[in-house]
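Peer 1: This is the structure I want to talk about, given as structure tokens.
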Amino acid sequence: MNGQNRSDIYPGLEVDIILKKDQRSGKRTRGIVKDLLTSSTFHSKGIKVRLEDGQVGRVIEIVEK
């Protein structure tokens, strides 16, 4: 599941994000969502979130548990 719809993402969810510094390489970072930073209901490049460890990036994929 991709991370373009805000309604699919909530605190405590495990996701893969791309950090700003990794946008060119496409390197993913996995973590647990702490805060949603994008206020719109949809974003074509992914909803921006803050992970529990403080890293900020756009959700590329929601990890199925």
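In the structure tokens, chains take the letters A, B, ... in the order shown, each chain's residues start at 1, and ligands count up from 1 in the order shown.
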Any idea what's packed within 10 Å of A:Asp8, counting only C-alpha atoms, ignoring anything in its chain fewer than 4 positions away? Could you give it as an MDAnalysis selection string?
Peer 2: chainID A and resid 1:4 13 41 47 62
Peer 1: Write out as a ChimeraX atom specification each polymer residue whose atoms come within 9 Å of stretch 56-60 of chain A, counting only C-alpha atoms; drop sequence neighbours fewer than 3 positions from it.
Peer 2: /A:1-4,9,15-20,28-29,37,45-51
Peer 1: Could you check which of A:Tyr10, A:Asp35, A:Ser40, A:Glu64 is closest to A:Glu52, using only C-alpha atoms?
Peer 2: A:Asp35
Peer 1: Looking at A:Gly54, A:Val63, A:Phe42, A:Gln23, which one is nearest to A:Asn5, with distances taken over only C-alpha atoms?
Peer 2: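 The answer is A:Phe42, which sits nearest to A:Asn5.
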Peer 1: Going by DSSP on the backbone, which residues of chain A come out as strand (DSSP E)? List them as a list in words.
Peer 2: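 Across chain A, those assigned strand (DSSP E) are Glu14, Val15, Asp16, Ile17, Ile18, Leu19, Thr29, Arg30, Gly31, Ile32, Val33, Lys34, Asp35, Leu36, Lys48, Val49, Arg50, Leu51, Val56, Gly57, Arg58, Val59, Ile60, Glu61 and Ile62 of chain A.
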Peer 1: Run DSSP on the backbone and give me the residues of stretch 4-63 of chain A it puts in helix (DSSP H, G or I), as a list in words.
Peer 2: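 Of stretch 4-63 of chain A, only Arg6, Ser7, Asp8, Lys20, Lys21 and Asp22 of chain A fall in helix (DSSP H, G or I).
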Peer 1: Just how far from atom CA of A:Asp53 is atom CA of A:Val33, in Å to one decimal?
Peer 2: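 About the pair atom CA of A:Val33 and atom CA of A:Asp53: they are 9.1 Å apart.
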